[in-house]
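> If it helps, the file is called my_file-v7.txt and holds compact mmCIF, C-alpha atoms:
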```
# COMPACT_ATOMS: atom_id res chain seq x y z
CA ILE S 1 11.47 -18.36 31.07
CA GLN S 2 8.42 -20.62 30.91
CA ASN S 3 6.45 -18.25 33.15
CA ALA S 4 7.44 -15.25 31.03
CA SER S 5 6.50 -17.11 27.84
CA ALA S 6 3.08 -18.03 29.24
CA GLU S 7 2.50 -14.46 30.38
CA LEU S 8 3.43 -13.05 26.96
CA ARG S 9 1.05 -15.48 25.23
CA THR S 10 -1.77 -14.23 27.45
CA ILE S 11 -0.82 -10.61 26.75
CA ALA S 12 -0.73 -11.32 23.00
CA ARG S 13 -4.16 -12.99 23.01
CA ASN S 14 -5.78 -10.24 25.06
CA SER S 15 -4.16 -7.46 23.03
CA ALA S 16 -5.13 -9.09 19.73
CA ALA S 17 -8.74 -9.37 20.89
CA ALA S 18 -8.75 -5.70 21.91
CA GLU S 19 -7.22 -4.68 18.57
CA ARG S 20 -9.87 -6.63 16.66
CA GLU S 21 -12.57 -4.75 18.55
CA VAL S 22 -10.94 -1.42 17.69
CA VAL S 23 -10.64 -2.33 14.00
CA SER S 24 -14.26 -3.52 13.95
CA SER S 25 -15.44 -0.23 15.45
CA ILE S 26 -13.42 1.73 12.87
CA GLU S 27 -14.88 -0.35 10.04
CA ALA S 28 -18.41 0.23 11.31
CA LEU S 29 -17.78 3.97 11.62
CA LEU S 30 -16.32 4.26 8.12
CA LYS S 31 -19.17 2.34 6.53
CA SER S 32 -21.85 4.39 8.27
CA SER S 33 -19.93 7.58 7.39
CA ALA S 34 -19.76 6.50 3.74
CA TYR S 35 -23.54 6.03 3.63
CA THR S 36 -24.05 9.40 5.33
CA TYR S 37 -21.75 11.12 2.85
CA ALA S 38 -23.37 9.47 -0.17
CA ILE S 39 -26.85 10.60 0.86
CA ALA S 40 -25.78 14.13 1.85
CA SER S 41 -23.74 14.63 -1.32
CA GLN S 42 -26.92 14.30 -3.38
CA HIS S 43 -27.90 17.64 -1.87
CA GLY S 44 -24.43 19.17 -2.20
CA ARG S 45 -23.74 18.91 1.52
CA GLY S 46 -21.57 15.79 1.73
CA CYS S 47 -18.58 17.34 3.49
CA ALA S 48 -20.64 19.62 5.74
CA ILE S 49 -22.88 16.84 7.00
CA LEU S 50 -19.98 14.43 7.41
CA ARG S 51 -17.93 16.88 9.48
CA ALA S 52 -20.92 17.64 11.68
CA SER S 53 -21.72 13.97 12.23
CA LEU S 54 -18.17 12.95 13.11
CA GLN S 55 -17.95 14.50 16.55
CA VAL S 56 -17.56 11.05 18.06
CA ASP S 57 -15.73 10.18 21.24
CA LEU S 58 -13.44 7.44 19.97
CA PRO S 59 -9.93 7.90 21.37
CA TRP S 60 -8.36 5.70 18.69
CA ILE S 61 -9.59 8.00 15.88
CA LYS S 62 -7.37 11.03 15.18
CA SER S 63 -9.20 12.40 12.16
CA MET S 64 -11.67 11.62 9.40
CA SER S 65 -11.26 12.76 5.80
CA VAL S 66 -12.92 12.46 2.41
CA ALA S 67 -10.90 12.01 -0.78
CA ASP S 68 -12.08 11.93 -4.38
CA ILE S 69 -11.29 9.05 -6.73
CA ASN S 70 -8.09 10.82 -7.84
CA GLY S 71 -6.80 10.73 -4.26
CA THR S 72 -7.15 14.41 -3.39
CA VAL S 73 -8.49 15.10 0.10
CA LYS S 74 -11.63 17.26 -0.30
CA CYS S 75 -12.49 17.82 3.35
CA SER S 76 -11.34 16.67 6.76
CA THR S 77 -11.71 17.14 10.49
CA MET S 78 -7.98 17.98 10.30
CA PRO S 79 -7.80 21.08 8.04
CA SER S 80 -4.06 20.66 7.37
CA VAL S 81 -4.64 17.60 5.18
CA VAL S 82 -7.19 19.21 2.81
CA GLY S 83 -5.77 19.25 -0.72
CA ILE S 84 -3.16 16.58 -0.03
CA ASP S 85 -2.76 13.79 -2.60
CA VAL S 86 -3.01 10.26 -1.11
CA SER S 87 -3.30 8.38 -4.42
CA ASP S 88 0.09 6.70 -3.89
CA ARG S 89 -0.79 5.32 -0.45
CA ASP S 90 -1.29 1.57 -0.21
CA PHE S 91 -4.66 1.92 1.54
CA PHE S 92 -6.00 4.14 -1.26
CA LYS S 93 -4.87 1.79 -4.02
CA ASN S 94 -6.31 -1.23 -2.21
CA VAL S 95 -9.70 0.30 -1.44
CA MET S 96 -10.04 1.52 -5.03
CA GLU S 97 -9.23 -1.95 -6.33
CA THR S 98 -11.34 -4.02 -3.92
CA HIS S 99 -14.07 -1.56 -2.80
CA GLU S 100 -13.67 -3.16 0.63
CA PHE S 101 -12.63 -1.89 4.06
CA THR S 102 -8.84 -1.47 4.13
CA LEU S 103 -6.29 -0.96 6.91
CA SER S 104 -2.89 0.45 5.93
CA SER S 105 0.67 -0.26 6.92
CA PHE S 106 2.69 2.33 8.83
CA PHE S 107 3.35 5.70 7.20
CA VAL S 108 4.16 9.29 8.15
CA GLY S 109 1.25 11.66 7.54
CA ARG S 110 1.87 14.43 5.03
CA GLY S 111 -0.39 16.91 6.75
CA SER S 112 0.55 16.09 10.34
CA ASN S 113 4.10 14.77 9.81
CA ALA S 114 3.20 12.25 12.50
CA PRO S 115 3.45 8.42 12.57
CA SER S 116 0.15 6.89 11.54
CA ILE S 117 -1.85 4.09 10.05
CA ALA S 118 -5.10 4.68 8.20
CA ALA S 119 -8.33 2.88 7.44
CA ALA S 120 -10.40 3.51 4.33
CA TYR S 121 -13.75 2.65 2.76
CA THR S 122 -15.32 3.87 -0.47
CA THR S 123 -18.84 4.80 -1.48
CA LEU S 124 -18.12 2.90 -4.71
CA ALA S 125 -19.03 -0.21 -2.73
CA PHE S 126 -22.71 0.76 -2.98
CA ASP S 127 -23.10 4.00 -4.99
CA GLU S 128 -21.18 5.26 -8.03
CA ARG S 129 -22.99 8.59 -8.52
CA ASP S 130 -20.57 10.71 -6.46
CA PRO S 131 -17.68 8.37 -5.60
CA ALA S 132 -15.55 9.20 -2.58
CA ILE S 133 -13.15 7.51 -0.19
CA ILE S 134 -13.66 7.92 3.55
CA ILE S 135 -10.36 7.81 5.45
CA SER S 136 -9.72 7.51 9.16
CA SER S 137 -6.36 8.23 10.78
CA VAL S 138 -5.64 5.92 13.74
CA ASN S 139 -4.09 7.13 16.99
CA LEU S 140 -0.94 5.02 17.46
CA GLU S 141 -0.36 6.27 21.00
CA TRP S 142 -3.75 4.92 21.97
CA LEU S 143 -3.05 1.62 20.19
CA ALA S 144 -0.03 1.14 22.46
CA LYS S 145 -2.37 1.19 25.43
CA ILE S 146 -4.19 -1.94 24.29
CA ILE S 147 -0.99 -3.93 24.71
CA ALA S 148 -1.95 -5.12 28.16
CA LEU S 149 1.51 -5.26 29.70
CA PRO S 150 1.20 -5.22 33.50
CA GLU S 151 2.45 -2.02 35.08
CA GLY S 152 5.68 -2.47 36.97
CA ARG S 153 6.37 -5.86 35.36
CA HIS S 154 10.09 -5.75 34.58
CA GLY S 155 11.75 -7.89 31.94
CA LEU S 156 8.83 -8.05 29.51
CA GLN S 157 8.56 -6.11 26.27
CA ALA S 158 5.75 -6.27 23.72
CA MET S 159 5.27 -4.61 20.36
CA LEU S 160 2.64 -4.37 17.66
CA ILE S 161 4.01 -4.57 14.10
CA ASP S 162 2.48 -4.19 10.65
CA GLY S 163 2.86 -6.66 7.79
CA ASN S 164 6.23 -5.19 6.84
CA GLY S 165 7.68 -5.67 10.32
CA THR S 166 7.48 -1.98 11.18
CA ILE S 167 6.86 -1.19 14.84
CA ILE S 168 3.62 0.76 15.20
CA ALA S 169 3.14 0.44 18.97
CA GLU S 170 5.25 -0.80 21.84
CA ARG S 171 5.15 -1.29 25.60
CA PRO S 172 7.03 -0.01 27.49
CA GLN S 173 6.63 2.93 25.13
CA ARG S 174 9.76 4.17 23.36
CA PRO S 175 8.65 6.81 20.84
CA GLU S 176 11.98 6.76 19.01
CA ARG S 177 11.35 3.17 17.86
CA ILE S 178 7.94 3.80 16.28
CA GLY S 179 8.23 3.53 12.51
CA ARG S 180 11.44 1.52 12.63
CA PRO S 181 11.71 -2.13 11.58
CA MET S 182 11.80 -4.75 14.32
CA ASP S 183 15.26 -6.08 15.14
CA ASP S 184 14.84 -9.47 13.47
CA LEU S 185 12.78 -9.36 10.27
CA SER S 186 13.50 -13.03 9.55
CA VAL S 187 10.61 -14.08 11.82
CA LEU S 188 8.06 -12.41 9.50
CA GLY S 189 8.08 -15.42 7.18
CA THR S 190 7.19 -17.75 10.02
CA ILE S 191 4.59 -15.40 11.47
CA GLY S 192 2.99 -15.01 8.06
CA THR S 193 2.27 -18.74 7.80
CA ARG S 194 0.10 -18.71 10.93
CA ARG S 195 -3.34 -17.27 11.54
CA SER S 196 -2.81 -17.55 15.29
CA GLY S 197 -0.49 -19.13 17.83
CA SER S 198 2.96 -18.38 19.19
CA LEU S 199 6.59 -19.02 18.41
CA SER S 200 9.82 -18.76 20.36
CA MET S 201 13.25 -17.59 19.26
CA MET S 202 16.59 -16.61 20.70
CA SER S 203 17.36 -12.88 20.85
CA ALA S 204 20.86 -11.42 20.86
```
Could you write out this structure as structure tokens?

Amino acid sequence: IQNASAELRTIARNSAAAEREVVSSIEALLKSSAYTYAIASQHGRGCAILRASLQVDLPWIKSMSVADINGTVKCSTMPSVVGIDVSDRDFFKNVMETHEFTLSSFFVGRGSNAPSIAAAYTTLAFDERDPAIIISSVNLEWLAKIIALPEGRHGLQAMLIDGNGTIIAERPQRPERIGRPMDDLSVLGTIGTRRSGSLSMMSA
């Protein structure tokens, strides 16, 4: 048990570091995309230039979209989401309120009908002439790969959860559990009081 606990702590630290790098890269991409869109939109080519400049090889990015301040998606690298209203999504409300980079909780995409989380940034942070919200959809299957569980290591299970206790990635992968709450939500209160560290509990 002690060996397994030590191994899981190492896995958690390494996976958390990898996730921070992914989130940082998404934030950098969204901010640069927002600047690109703001400049191009002055010439009426915001969406065209943004789509052309977003052919990036980042496996954790599923799509990039632009929404107006009412929450309607104006253009996207995923055509099925154009015209969809995202004004009720938590990431949209938060980015409109704070004008800061925002990462969402788990949700099911309306255009893709697939499990997802999203990141968002707004041009309102630096330019109010043609306000827009740049949205990135994150590949949850790829996120599961950053949970560095050793292959062939039996008896260990690791999951990545959002702030509501919803499972967004898991190793070994069990797709049917993605989007469901973790078995014991009571630990969220304890987890929420810590910026880092570990805790142990008995599982039925």
> Might you pull out every residue within 7 Å of Ile135 of chain S, with all atoms listed in the file counted and same-chain residues fewer than 3 positions away left off, and present them as a count of residues only?
7
> Which residues are near Leu103 of chain S? Cut-off 10 Å, all atoms listed in the file, ignore same chain within fewer than 2 positions. Put them as number ranges by chain.
S: 23, 26-27, 90-92, 94-95, 100-101, 105-106, 117-121, 135-138
> Residues of the last selection are to be written out with C-alpha atoms, as a PDB file, keeping the file's coordinate frame.

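Output file again17.pdb follows:
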```pdb
ATOM      1  CA  VAL S  23     -10.640  -2.330  14.000  1.00  0.00           C
ATOM      2  CA  ILE S  26     -13.420   1.730  12.870  1.00  0.00           C
ATOM      3  CA  GLU S  27     -14.880  -0.350  10.040  1.00  0.00           C
ATOM      4  CA  ASP S  90      -1.290   1.570  -0.210  1.00  0.00           C
ATOM      5  CA  PHE S  91      -4.660   1.920   1.540  1.00  0.00           C
ATOM      6  CA  PHE S  92      -6.000   4.140  -1.260  1.00  0.00           C
ATOM      7  CA  ASN S  94      -6.310  -1.230  -2.210  1.00  0.00           C
ATOM      8  CA  VAL S  95      -9.700   0.300  -1.440  1.00  0.00           C
ATOM      9  CA  GLU S 100     -13.670  -3.160   0.630  1.00  0.00           C
ATOM     10  CA  PHE S 101     -12.630  -1.890   4.060  1.00  0.00           C
ATOM     11  CA  SER S 105       0.670  -0.260   6.920  1.00  0.00           C
ATOM     12  CA  PHE S 106       2.690   2.330   8.830  1.00  0.00           C
ATOM     13  CA  ILE S 117      -1.850   4.090  10.050  1.00  0.00           C
ATOM     14  CA  ALA S 118      -5.100   4.680   8.200  1.00  0.00           C
ATOM     15  CA  ALA S 119      -8.330   2.880   7.440  1.00  0.00           C
ATOM     16  CA  ALA S 120     -10.400   3.510   4.330  1.00  0.00           C
ATOM     17  CA  TYR S 121     -13.750   2.650   2.760  1.00  0.00           C
ATOM     18  CA  ILE S 135     -10.360   7.810   5.450  1.00  0.00           C
ATOM     19  CA  SER S 136      -9.720   7.510   9.160  1.00  0.00           C
ATOM     20  CA  SER S 137      -6.360   8.230  10.780  1.00  0.00           C
ATOM     21  CA  VAL S 138      -5.640   5.920  13.740  1.00  0.00           C
TER      22      VAL S 138
END
```
> In Å to one decimal, how far is atom CA of Ile61 of chain S from atom CA of Ile11 of chain S?
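That distance, rounded to one decimal, is 23.3 Å.
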> One decimal, Å: what's the distance from atom CA of Cys75 of chain S over to atom CA of Leu143 of chain S, could you say?
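Pair atom CA of Cys75 of chain S / atom CA of Leu143 of chain S returns 25.2 Å.
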> Using all atoms listed in the file, pick whichever of S:Ala4, S:Gln157, S:Val108, S:Tyr35 has the shortest atom-to-atom distance to Leu124 of chain S.
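Ranking S:Ala4, S:Gln157, S:Val108, S:Tyr35 by distance to Leu124 of chain S, first place goes to S:Tyr35.
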> Separation of atom CA of Ala18 of chain S and atom CA of Ile147 of chain S, in Å?
8.4 Å
> Please supply segment 96-118 of chain S, rebuilt with N, CA and C atoms, as a CSV table (one decimal), keeping the file's coordinate frame.

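Output file part.csv is given in full below:
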```csv
chain,number,residue,atom,x,y,z
S,96,MET,N,-9.5,1.3,-3.7
S,96,MET,CA,-10.0,1.5,-5.0
S,96,MET,C,-10.1,0.2,-5.9
S,97,GLU,N,-9.2,-0.7,-5.6
S,97,GLU,CA,-9.2,-2.0,-6.3
S,97,GLU,C,-10.3,-2.9,-5.8
S,98,THR,N,-10.5,-3.0,-4.5
S,98,THR,CA,-11.3,-4.0,-3.9
S,98,THR,C,-12.7,-3.5,-3.5
S,99,HIS,N,-12.8,-2.2,-3.3
S,99,HIS,CA,-14.1,-1.6,-2.8
S,99,HIS,C,-14.4,-2.1,-1.4
S,100,GLU,N,-13.4,-2.6,-0.7
S,100,GLU,CA,-13.7,-3.2,0.6
S,100,GLU,C,-12.9,-2.4,1.7
S,101,PHE,N,-13.3,-2.5,2.9
S,101,PHE,CA,-12.6,-1.9,4.1
S,101,PHE,C,-11.1,-2.3,4.0
S,102,THR,N,-10.3,-1.3,4.2
S,102,THR,CA,-8.8,-1.5,4.1
S,102,THR,C,-8.1,-0.8,5.3
S,103,LEU,N,-7.1,-1.5,5.8
S,103,LEU,CA,-6.3,-1.0,6.9
S,103,LEU,C,-4.9,-0.9,6.4
S,104,SER,N,-4.2,0.2,6.5
S,104,SER,CA,-2.9,0.4,5.9
S,104,SER,C,-1.8,-0.1,6.8
S,105,SER,N,-0.6,-0.1,6.2
S,105,SER,CA,0.7,-0.3,6.9
S,105,SER,C,1.1,1.1,7.5
S,106,PHE,N,2.2,1.1,8.2
S,106,PHE,CA,2.7,2.3,8.8
S,106,PHE,C,3.1,3.3,7.8
S,107,PHE,N,2.8,4.6,8.0
S,107,PHE,CA,3.4,5.7,7.2
S,107,PHE,C,3.4,7.0,8.0
S,108,VAL,N,4.1,8.0,7.5
S,108,VAL,CA,4.2,9.3,8.2
S,108,VAL,C,3.2,10.2,7.4
S,109,GLY,N,2.3,10.8,8.2
S,109,GLY,CA,1.2,11.7,7.5
S,109,GLY,C,1.8,12.9,6.9
S,110,ARG,N,1.3,13.3,5.7
S,110,ARG,CA,1.9,14.4,5.0
S,110,ARG,C,1.4,15.7,5.6
S,111,GLY,N,0.1,15.7,6.2
S,111,GLY,CA,-0.4,16.9,6.8
S,111,GLY,C,0.0,17.1,8.2
S,112,SER,N,0.2,16.0,8.9
S,112,SER,CA,0.6,16.1,10.3
S,112,SER,C,2.0,15.8,10.6
S,113,ASN,N,2.7,15.2,9.6
S,113,ASN,CA,4.1,14.8,9.8
S,113,ASN,C,4.3,13.9,11.0
S,114,ALA,N,3.2,13.1,11.3
S,114,ALA,CA,3.2,12.2,12.5
S,114,ALA,C,3.1,10.8,12.1
S,115,PRO,N,3.6,9.9,12.9
S,115,PRO,CA,3.4,8.4,12.6
S,115,PRO,C,2.0,8.1,12.6
S,116,SER,N,1.6,7.2,11.6
S,116,SER,CA,0.2,6.9,11.5
S,116,SER,C,-0.1,5.6,10.8
S,117,ILE,N,-1.3,5.1,11.0
S,117,ILE,CA,-1.8,4.1,10.0
S,117,ILE,C,-3.3,4.6,9.7
S,118,ALA,N,-3.8,4.2,8.6
S,118,ALA,CA,-5.1,4.7,8.2
S,118,ALA,C,-6.0,3.5,7.8
```
